[in-house]
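Scroll down for the structure; my scribbles are underneath it.
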Amino acid sequence: MPLLARARALESIIRDVARDAIMPYFLNAVREHKTDGSSLTQADLASQQALLEKLPELEEAPILSEEMSTQEQLACWETGGQGIWCIDPIDGTTNFANGVPLFAVSVAYMVEGETQYGVIYNPTTDEAFYAARGCGAWLNGRRLPLRPSSPQLRLSVAGIDFKRISDRLATELITRPPYYSQRNFGSSALEWCFVAAGRLDIYLHGGQALWDYAAGRLILEEAGGAYGVLDGGPLVAAPLPKRAVVLASNPVLYAEWLAWLQSHR
């Protein structure tokens with residue numbers, strides 16, 4: 001099956017999982033907290049279980065999930081060089097638990113650290129972002145990006161997560177921002193898609209794990225965007241550690257954004 005057809009088949013699986021395992025809990029979820037302080041609901045576990053059952057129908061491969069222990073994640077990664085699923089059953093769990101309709105299921109199929117195809121689906125808006133390597137990026141059948149990006153940093157709309165960046169950089173961004181306006185939507189996976197679609201022009205997040213970017217980075221790449229880490233290096237896939245990611249909707253804007261960040265961090 002061609003990669004784009006596999007991406008569309010994965011989209012169908014994820015839509016079913018979201019409908020049956022996630023949305024029955026929406027507006028009724030009870031938020032708990034994991035040992036790292038992040039949110040967890042019954043829907044996260046139900047979504048994970050449904051994906052564990054359904055994904056082997058498409059590819060027989062180890063499945064690495066956010067809701068697994070670190071030891072389980074590392075074991076999956078070690079055995080999945082020739083093919084591995086990386087999933088976030090619900091990205092934006094705090095939004096989900098609080099009834100904010102900005103959350104997503106994120107699933108990527110990776111080979112030797114490179115995402116081959118992936119899907120990020122927001123069930124409340126019925127928006128499925130998907131991409132296959134070399135085949136472009138799409139939103140519900142429409143090719144991304146949906147609109148041209150800002151030509152200059154000073155005119156850009158930025159997505160910024162302030163929680164994990166240094167105090168100095170945060171102060172600079174708050175008091176002397178180089179962009180036009182700033183947003184934070186509470187779902188890392190969707191924010192990658194928003195840059196790919198042209199809804200955001202640039203983005204900064206101080207600490208993303210593999211499941212936060214595994215699908216999104218391919219969607220952005222196939223939409224013509226650029227990304228890396230805050231120190232200027234490439235975003236190399238690995239389950240640990242978390243990385244500070246920098247994105248932009250095109251390579252020229254990315255270079256300008258990264259240069260500003262590095263001179264003010």
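Order determines the names: the first chain of the structure tokens is A, the second B, and so forth; residues in each chain are numbered 1 upward, and ligands are numbered 1 upward as they are shown.
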(request) Going by DSSP on the backbone, which bits of stretch 4-187 of chain A are alpha helix (DSSP H)? Write them as a PyMOL selection string, please. (result) chain A and resi 4-17+42-54+70-79+93-97+167-175
Excluding stretch 79-86 of chain A and any residue of its chain fewer than 2 positions from it, enumerate the residues within 10 Å of it, using only C-alpha atoms, and give them as a short mmCIF file (atom, residue, chain, number, x, y, z; two decimals) with all heavy atoms, in the first residue's frame.
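See part_35.cif below for the written result:
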data_model
loop_
_atom_site.label_atom_id
_atom_site.label_comp_id
_atom_site.auth_asym_id
_atom_site.auth_seq_id
_atom_site.Cartn_x
_atom_site.Cartn_y
_atom_site.Cartn_z
N LEU A 51 -5.81 2.04 20.46
CA LEU A 51 -4.74 2.13 19.47
C LEU A 51 -3.84 0.89 19.51
O LEU A 51 -3.40 0.40 18.46
CB LEU A 51 -3.92 3.39 19.69
CG LEU A 51 -4.64 4.71 19.36
CD1 LEU A 51 -3.86 5.90 19.90
CD2 LEU A 51 -4.85 4.84 17.86
N LEU A 52 -3.57 0.40 20.71
CA LEU A 52 -2.77 -0.83 20.83
C LEU A 52 -3.45 -2.00 20.10
O LEU A 52 -2.77 -2.87 19.53
CB LEU A 52 -2.58 -1.19 22.30
CG LEU A 52 -1.66 -0.29 23.13
CD1 LEU A 52 -1.72 -0.66 24.60
CD2 LEU A 52 -0.22 -0.37 22.62
N LEU A 55 -3.78 -0.55 15.70
CA LEU A 55 -2.64 -0.21 14.85
C LEU A 55 -1.96 -1.41 14.21
O LEU A 55 -1.50 -1.32 13.05
CB LEU A 55 -1.62 0.62 15.63
CG LEU A 55 -2.08 2.03 16.00
CD1 LEU A 55 -1.00 2.75 16.81
CD2 LEU A 55 -2.43 2.85 14.76
N PRO A 56 -1.87 -2.58 14.89
CA PRO A 56 -1.27 -3.74 14.22
C PRO A 56 -2.01 -4.18 12.96
O PRO A 56 -1.42 -4.90 12.14
CB PRO A 56 -1.31 -4.82 15.31
CG PRO A 56 -1.28 -4.05 16.59
CD PRO A 56 -2.11 -2.83 16.33
N GLU A 59 0.22 -1.87 10.58
CA GLU A 59 1.64 -2.22 10.62
C GLU A 59 1.91 -3.01 11.90
O GLU A 59 1.57 -2.55 12.98
CB GLU A 59 2.53 -0.96 10.65
CG GLU A 59 2.29 0.04 9.55
CD GLU A 59 3.04 -0.28 8.27
OE1 GLU A 59 3.68 -1.36 8.20
OE2 GLU A 59 2.98 0.54 7.35
N GLU A 60 2.52 -4.18 11.78
CA GLU A 60 2.95 -4.95 12.94
C GLU A 60 4.27 -4.39 13.42
O GLU A 60 5.31 -4.61 12.80
CB GLU A 60 3.09 -6.43 12.59
CG GLU A 60 1.80 -7.22 12.67
CD GLU A 60 1.37 -7.50 14.11
OE1 GLU A 60 2.14 -7.18 15.03
OE2 GLU A 60 0.26 -8.03 14.29
N ALA A 61 4.23 -3.65 14.51
CA ALA A 61 5.44 -3.00 15.01
C ALA A 61 5.24 -2.66 16.48
O ALA A 61 4.10 -2.54 16.95
CB ALA A 61 5.74 -1.74 14.21
N PRO A 62 6.33 -2.49 17.23
CA PRO A 62 6.20 -2.04 18.62
C PRO A 62 5.47 -0.70 18.68
O PRO A 62 5.54 0.11 17.75
CB PRO A 62 7.65 -1.90 19.10
CG PRO A 62 8.45 -2.75 18.17
CD PRO A 62 7.75 -2.71 16.85
N ILE A 63 4.77 -0.46 19.79
CA ILE A 63 4.01 0.78 19.95
C ILE A 63 4.52 1.50 21.19
O ILE A 63 4.42 0.99 22.31
CB ILE A 63 2.50 0.49 20.09
CG1 ILE A 63 1.99 -0.23 18.84
CG2 ILE A 63 1.73 1.79 20.30
CD1 ILE A 63 0.55 -0.67 18.91
N LEU A 64 5.07 2.69 20.98
CA LEU A 64 5.59 3.53 22.06
C LEU A 64 4.56 4.62 22.35
O LEU A 64 4.20 5.39 21.45
CB LEU A 64 6.92 4.14 21.64
CG LEU A 64 7.74 4.92 22.68
CD1 LEU A 64 9.20 4.98 22.24
CD2 LEU A 64 7.23 6.33 22.90
N SER A 65 4.08 4.67 23.58
CA SER A 65 3.03 5.62 23.95
C SER A 65 3.47 6.50 25.10
O SER A 65 4.24 6.08 25.97
CB SER A 65 1.77 4.86 24.36
OG SER A 65 0.78 5.75 24.88
N GLU A 66 2.95 7.73 25.12
CA GLU A 66 3.23 8.63 26.23
C GLU A 66 2.84 8.02 27.56
O GLU A 66 3.50 8.25 28.58
CB GLU A 66 2.50 9.97 26.05
CG GLU A 66 2.78 10.92 27.20
CD GLU A 66 1.95 12.18 27.19
OE1 GLU A 66 1.02 12.27 26.38
OE2 GLU A 66 2.22 13.07 28.01
N GLN A 73 8.95 2.55 27.32
CA GLN A 73 9.23 3.39 26.15
C GLN A 73 10.61 3.08 25.58
O GLN A 73 10.77 2.91 24.36
CB GLN A 73 9.13 4.87 26.52
CG GLN A 73 7.72 5.32 26.84
CD GLN A 73 7.68 6.66 27.53
OE1 GLN A 73 8.72 7.22 27.90
NE2 GLN A 73 6.49 7.21 27.72
N LEU A 74 11.61 3.00 26.44
CA LEU A 74 12.97 2.73 25.97
C LEU A 74 13.08 1.34 25.37
O LEU A 74 13.79 1.15 24.36
CB LEU A 74 13.96 2.89 27.13
CG LEU A 74 14.15 4.32 27.65
CD1 LEU A 74 15.02 4.32 28.91
CD2 LEU A 74 14.78 5.21 26.58
N ALA A 75 12.38 0.37 25.94
CA ALA A 75 12.40 -0.98 25.40
C ALA A 75 11.78 -1.01 24.01
O ALA A 75 12.30 -1.67 23.09
CB ALA A 75 11.67 -1.94 26.34
N CYS A 76 10.67 -0.31 23.83
CA CYS A 76 10.03 -0.22 22.51
C CYS A 76 10.98 0.41 21.50
O CYS A 76 11.12 -0.06 20.37
CB CYS A 76 8.75 0.59 22.59
SG CYS A 76 7.34 -0.26 23.30
N TRP A 77 11.62 1.49 21.91
CA TRP A 77 12.52 2.20 20.99
C TRP A 77 13.69 1.31 20.57
O TRP A 77 14.09 1.30 19.40
CB TRP A 77 13.03 3.47 21.67
CG TRP A 77 13.85 4.35 20.76
CD1 TRP A 77 15.20 4.54 20.80
CD2 TRP A 77 13.36 5.16 19.69
NE1 TRP A 77 15.59 5.41 19.83
CE2 TRP A 77 14.47 5.82 19.13
CE3 TRP A 77 12.09 5.40 19.17
CZ2 TRP A 77 14.36 6.70 18.05
CZ3 TRP A 77 11.97 6.28 18.10
CH2 TRP A 77 13.10 6.91 17.55
N ASP A 88 0.51 9.51 20.95
CA ASP A 88 0.03 10.28 22.10
C ASP A 88 -1.49 10.11 22.09
O ASP A 88 -2.17 10.68 21.24
CB ASP A 88 0.42 11.74 21.99
CG ASP A 88 0.23 12.49 23.31
OD1 ASP A 88 -0.58 12.00 24.14
OD2 ASP A 88 0.84 13.55 23.51
N PRO A 89 -2.03 9.30 23.00
CA PRO A 89 -3.46 9.00 22.95
C PRO A 89 -4.36 10.22 23.03
O PRO A 89 -5.40 10.27 22.39
CB PRO A 89 -3.66 8.07 24.16
CG PRO A 89 -2.31 7.49 24.41
CD PRO A 89 -1.34 8.56 24.07
N SER A 106 -2.44 11.88 18.33
CA SER A 106 -1.27 12.00 17.45
C SER A 106 -0.62 10.63 17.29
O SER A 106 -0.27 9.99 18.29
CB SER A 106 -0.26 12.99 18.03
OG SER A 106 0.88 13.08 17.20
N VAL A 107 -0.45 10.19 16.04
CA VAL A 107 0.14 8.87 15.76
C VAL A 107 1.11 9.00 14.60
O VAL A 107 0.77 9.59 13.56
CB VAL A 107 -0.94 7.82 15.42
CG1 VAL A 107 -0.29 6.47 15.13
CG2 VAL A 107 -1.94 7.68 16.56
N ALA A 108 2.30 8.44 14.77
CA ALA A 108 3.30 8.44 13.70
C ALA A 108 3.87 7.04 13.54
O ALA A 108 4.10 6.34 14.54
CB ALA A 108 4.43 9.42 14.03
N TYR A 109 4.11 6.66 12.30
CA TYR A 109 4.83 5.41 12.03
C TYR A 109 6.24 5.79 11.59
O TYR A 109 6.43 6.54 10.63
CB TYR A 109 4.15 4.58 10.95
CG TYR A 109 4.88 3.28 10.69
CD1 TYR A 109 4.87 2.27 11.64
CD2 TYR A 109 5.61 3.09 9.52
CE1 TYR A 109 5.57 1.09 11.44
CE2 TYR A 109 6.30 1.91 9.30
CZ TYR A 109 6.28 0.90 10.26
OH TYR A 109 6.97 -0.26 10.07
N MET A 110 7.25 5.26 12.30
CA MET A 110 8.64 5.66 12.10
C MET A 110 9.49 4.46 11.73
O MET A 110 9.26 3.34 12.21
CB MET A 110 9.19 6.31 13.37
CG MET A 110 8.31 7.39 13.96
SD MET A 110 8.94 8.06 15.52
CE MET A 110 10.31 9.03 14.89
N VAL A 111 10.50 4.70 10.89
CA VAL A 111 11.50 3.70 10.53
C VAL A 111 12.87 4.35 10.69
O VAL A 111 13.13 5.40 10.09
CB VAL A 111 11.31 3.19 9.10
CG1 VAL A 111 12.43 2.21 8.73
CG2 VAL A 111 9.95 2.52 8.93
N GLU A 112 13.70 3.75 11.52
CA GLU A 112 15.05 4.26 11.78
C GLU A 112 15.03 5.74 12.16
O GLU A 112 15.84 6.54 11.69
CB GLU A 112 15.96 4.01 10.58
CG GLU A 112 16.17 2.51 10.33
CD GLU A 112 17.12 2.25 9.18
OE1 GLU A 112 17.39 3.19 8.39
OE2 GLU A 112 17.59 1.10 9.04
N GLY A 113 14.09 6.11 13.00
CA GLY A 113 14.01 7.47 13.52
C GLY A 113 13.36 8.48 12.62
O GLY A 113 13.20 9.64 13.01
N GLU A 114 12.94 8.08 11.43
CA GLU A 114 12.29 8.99 10.49
C GLU A 114 10.81 8.63 10.34
O GLU A 114 10.48 7.49 10.07
CB GLU A 114 12.97 8.95 9.12
CG GLU A 114 14.41 9.45 9.13
CD GLU A 114 14.52 10.92 9.48
OE1 GLU A 114 13.57 11.68 9.18
OE2 GLU A 114 15.56 11.32 10.05
N THR A 115 9.96 9.62 10.52
CA THR A 115 8.52 9.39 10.38
C THR A 115 8.18 9.18 8.92
O THR A 115 8.54 9.98 8.05
CB THR A 115 7.73 10.59 10.93
OG1 THR A 115 8.09 10.78 12.31
CG2 THR A 115 6.23 10.33 10.85
N GLN A 116 7.48 8.10 8.64
CA GLN A 116 7.08 7.77 7.26
C GLN A 116 5.69 8.30 6.95
O GLN A 116 5.43 8.75 5.85
CB GLN A 116 7.12 6.25 7.06
CG GLN A 116 8.47 5.64 7.34
CD GLN A 116 9.58 6.26 6.50
OE1 GLN A 116 9.51 6.26 5.27
NE2 GLN A 116 10.60 6.82 7.15
N GLY A 118 2.02 10.06 9.27
CA GLY A 118 1.46 10.37 10.57
C GLY A 118 0.16 11.14 10.45
O GLY A 118 -0.12 11.75 9.41
N LEU A 210 9.25 12.89 22.30
CA LEU A 210 9.11 12.29 20.98
C LEU A 210 7.67 12.27 20.50
O LEU A 210 7.37 12.60 19.34
CB LEU A 210 9.68 10.86 21.00
CG LEU A 210 9.57 10.04 19.71
CD1 LEU A 210 10.35 10.70 18.59
CD2 LEU A 210 10.05 8.62 19.95
N TRP A 211 6.73 11.89 21.38
CA TRP A 211 5.33 11.78 20.97
C TRP A 211 4.70 13.14 20.71
O TRP A 211 3.67 13.22 20.07
CB TRP A 211 4.52 11.02 22.02
CG TRP A 211 4.83 11.46 23.42
CD1 TRP A 211 4.28 12.50 24.11
CD2 TRP A 211 5.79 10.87 24.30
NE1 TRP A 211 4.83 12.61 25.35
CE2 TRP A 211 5.77 11.62 25.51
CE3 TRP A 211 6.67 9.78 24.20
CZ2 TRP A 211 6.59 11.31 26.60
CZ3 TRP A 211 7.49 9.49 25.28
CH2 TRP A 211 7.44 10.24 26.46
N ASP A 212 5.33 14.22 21.18
CA ASP A 212 4.82 15.56 20.90
C ASP A 212 5.09 15.98 19.46
O ASP A 212 4.32 16.75 18.88
CB ASP A 212 5.46 16.60 21.84
CG ASP A 212 5.06 16.42 23.29
OD1 ASP A 212 3.85 16.22 23.54
OD2 ASP A 212 5.94 16.48 24.17
N TYR A 213 6.21 15.50 18.90
CA TYR A 213 6.61 15.98 17.58
C TYR A 213 6.71 14.90 16.50
O TYR A 213 6.92 15.23 15.32
CB TYR A 213 7.94 16.73 17.66
CG TYR A 213 9.13 15.92 18.14
CD1 TYR A 213 9.82 15.05 17.29
CD2 TYR A 213 9.60 16.05 19.44
CE1 TYR A 213 10.92 14.32 17.73
CE2 TYR A 213 10.70 15.32 19.89
CZ TYR A 213 11.36 14.47 19.04
OH TYR A 213 12.45 13.76 19.48
N ALA A 214 6.55 13.63 16.84
CA ALA A 214 6.79 12.56 15.86
C ALA A 214 5.95 12.71 14.60
O ALA A 214 6.45 12.58 13.48
CB ALA A 214 6.55 11.20 16.51
N ALA A 215 4.67 12.98 14.75
CA ALA A 215 3.81 13.18 13.58
C ALA A 215 3.90 14.61 13.08
O ALA A 215 3.94 14.86 11.86
CB ALA A 215 2.36 12.83 13.93
N PRO A 239 13.46 8.93 22.35
CA PRO A 239 12.45 9.01 23.41
C PRO A 239 12.83 9.93 24.55
O PRO A 239 11.97 10.48 25.23
CB PRO A 239 12.32 7.56 23.89
CG PRO A 239 13.61 6.91 23.50
CD PRO A 239 14.05 7.59 22.25
#
(request) Rank nothing, just name the residue among A:Phe96, A:Trp260, A:Tyr25, A:Tyr203 nearest to A:Gly228, using only C-alpha atoms. (result)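 Going through A:Phe96, A:Trp260, A:Tyr25, A:Tyr203 one by one, the smallest distance to A:Gly228 is for A:Tyr203.
Proximity of A:Ala226, A:Leu261, A:Ala137, A:Ala238 to A:Ala7, computed with only C-alpha atoms, is greatest for A:Ala137.
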Got a sec: who's within 10 Å of A:Ser249, counting only C-alpha atoms, leaving out chain neighbours fewer than 5 positions off, as a CSV table (one decimal) with N, CA and C atoms, in the first residue's frame?
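out02.csv was written with the following content:
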chain,number,residue,atom,x,y,z
A,145,PRO,N,0.3,24.3,2.9
A,145,PRO,CA,-0.4,25.2,3.9
A,145,PRO,C,-1.7,25.8,3.3
A,148,PRO,N,-0.6,31.7,2.9
A,148,PRO,CA,0.8,32.0,2.9
A,148,PRO,C,1.3,32.5,4.3
A,149,SER,N,2.5,32.3,4.6
A,149,SER,CA,3.0,32.7,5.9
A,149,SER,C,3.4,34.2,5.8
A,150,SER,N,3.7,34.7,7.0
A,150,SER,CA,4.1,36.1,7.1
A,150,SER,C,5.5,36.2,6.4
A,151,PRO,N,5.7,37.3,5.7
A,151,PRO,CA,7.1,37.5,5.0
A,151,PRO,C,8.1,37.9,6.0
A,192,TRP,N,2.0,22.2,16.1
A,192,TRP,CA,2.8,21.9,14.9
A,192,TRP,C,2.0,22.0,13.6
A,194,PHE,N,-0.7,23.8,13.2
A,194,PHE,CA,-1.1,25.2,13.0
A,194,PHE,C,0.0,25.9,12.2
A,195,VAL,N,1.2,25.6,12.5
A,195,VAL,CA,2.3,26.2,11.8
A,195,VAL,C,2.3,25.7,10.3
A,196,ALA,N,2.1,24.4,10.2
A,196,ALA,CA,2.0,23.8,8.9
A,196,ALA,C,0.9,24.4,8.0
A,197,ALA,N,-0.2,24.7,8.7
A,197,ALA,CA,-1.4,25.2,7.9
A,197,ALA,C,-1.3,26.7,7.7
A,198,GLY,N,-0.4,27.4,8.4
A,198,GLY,CA,-0.3,28.9,8.2
A,198,GLY,C,-1.1,29.6,9.3
A,199,ARG,N,-1.7,28.9,10.2
A,199,ARG,CA,-2.4,29.6,11.3
A,199,ARG,C,-1.5,30.3,12.3
A,200,LEU,N,-0.3,29.7,12.5
A,200,LEU,CA,0.8,30.3,13.2
A,200,LEU,C,1.9,30.4,12.2
A,201,ASP,N,2.8,31.5,12.4
A,201,ASP,CA,3.9,31.6,11.5
A,201,ASP,C,5.2,31.1,12.1
A,202,ILE,N,5.3,31.2,13.5
A,202,ILE,CA,6.5,30.7,14.2
A,202,ILE,C,6.0,30.1,15.5
A,203,TYR,N,7.0,29.3,16.1
A,203,TYR,CA,6.6,28.6,17.3
A,203,TYR,C,7.8,28.3,18.1
A,220,LEU,N,4.7,19.3,9.2
A,220,LEU,CA,5.3,20.6,8.9
A,220,LEU,C,6.3,20.6,7.8
A,221,GLU,N,7.2,19.5,7.8
A,221,GLU,CA,8.2,19.4,6.7
A,221,GLU,C,7.5,19.3,5.4
A,223,ALA,N,4.7,20.3,4.5
A,223,ALA,CA,4.0,21.6,4.1
A,223,ALA,C,5.0,22.7,3.8
A,224,GLY,N,6.3,22.4,3.8
A,224,GLY,CA,7.3,23.4,3.4
A,224,GLY,C,7.9,24.2,4.6
A,225,GLY,N,7.6,23.8,5.8
A,225,GLY,CA,8.1,24.5,7.0
A,225,GLY,C,9.5,24.0,7.4
A,226,ALA,N,10.0,24.7,8.4
A,226,ALA,CA,11.4,24.3,8.9
A,226,ALA,C,11.3,24.2,10.4
A,227,TYR,N,12.2,23.4,11.0
A,227,TYR,CA,12.2,23.2,12.4
A,227,TYR,C,13.6,22.8,12.9
A,254,TYR,N,12.3,30.9,9.5
A,254,TYR,CA,12.9,30.1,10.6
A,254,TYR,C,14.3,30.6,10.9
(message) For a quick check of understanding, using only C-alpha atoms, which of A:Ala237, A:Leu253, A:Ile120, A:Leu218 has the smallest distance to A:Val105?
(response) A:Ile120
(request) Select, from A:Asn250, A:Thr175, A:Gln262, A:Ser188, the residue with the minimum atom-to-atom distance to A:Gly92, counting only C-alpha atoms. (result)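 Using only C-alpha atoms, the shortest distance to A:Gly92 belongs to A:Ser188.
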(request) Would you please work out which residue, of A:Thr93, A:Thr70, A:Gln42, A:Asn122, is nearest to A:Leu190 when using only C-alpha atoms? (result) A:Asn122
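Of the listed residues (A:Val17, A:Glu256, A:Pro24, A:Cys135), A:Val17 comes nearest to A:Glu53; the distances count only C-alpha atoms.
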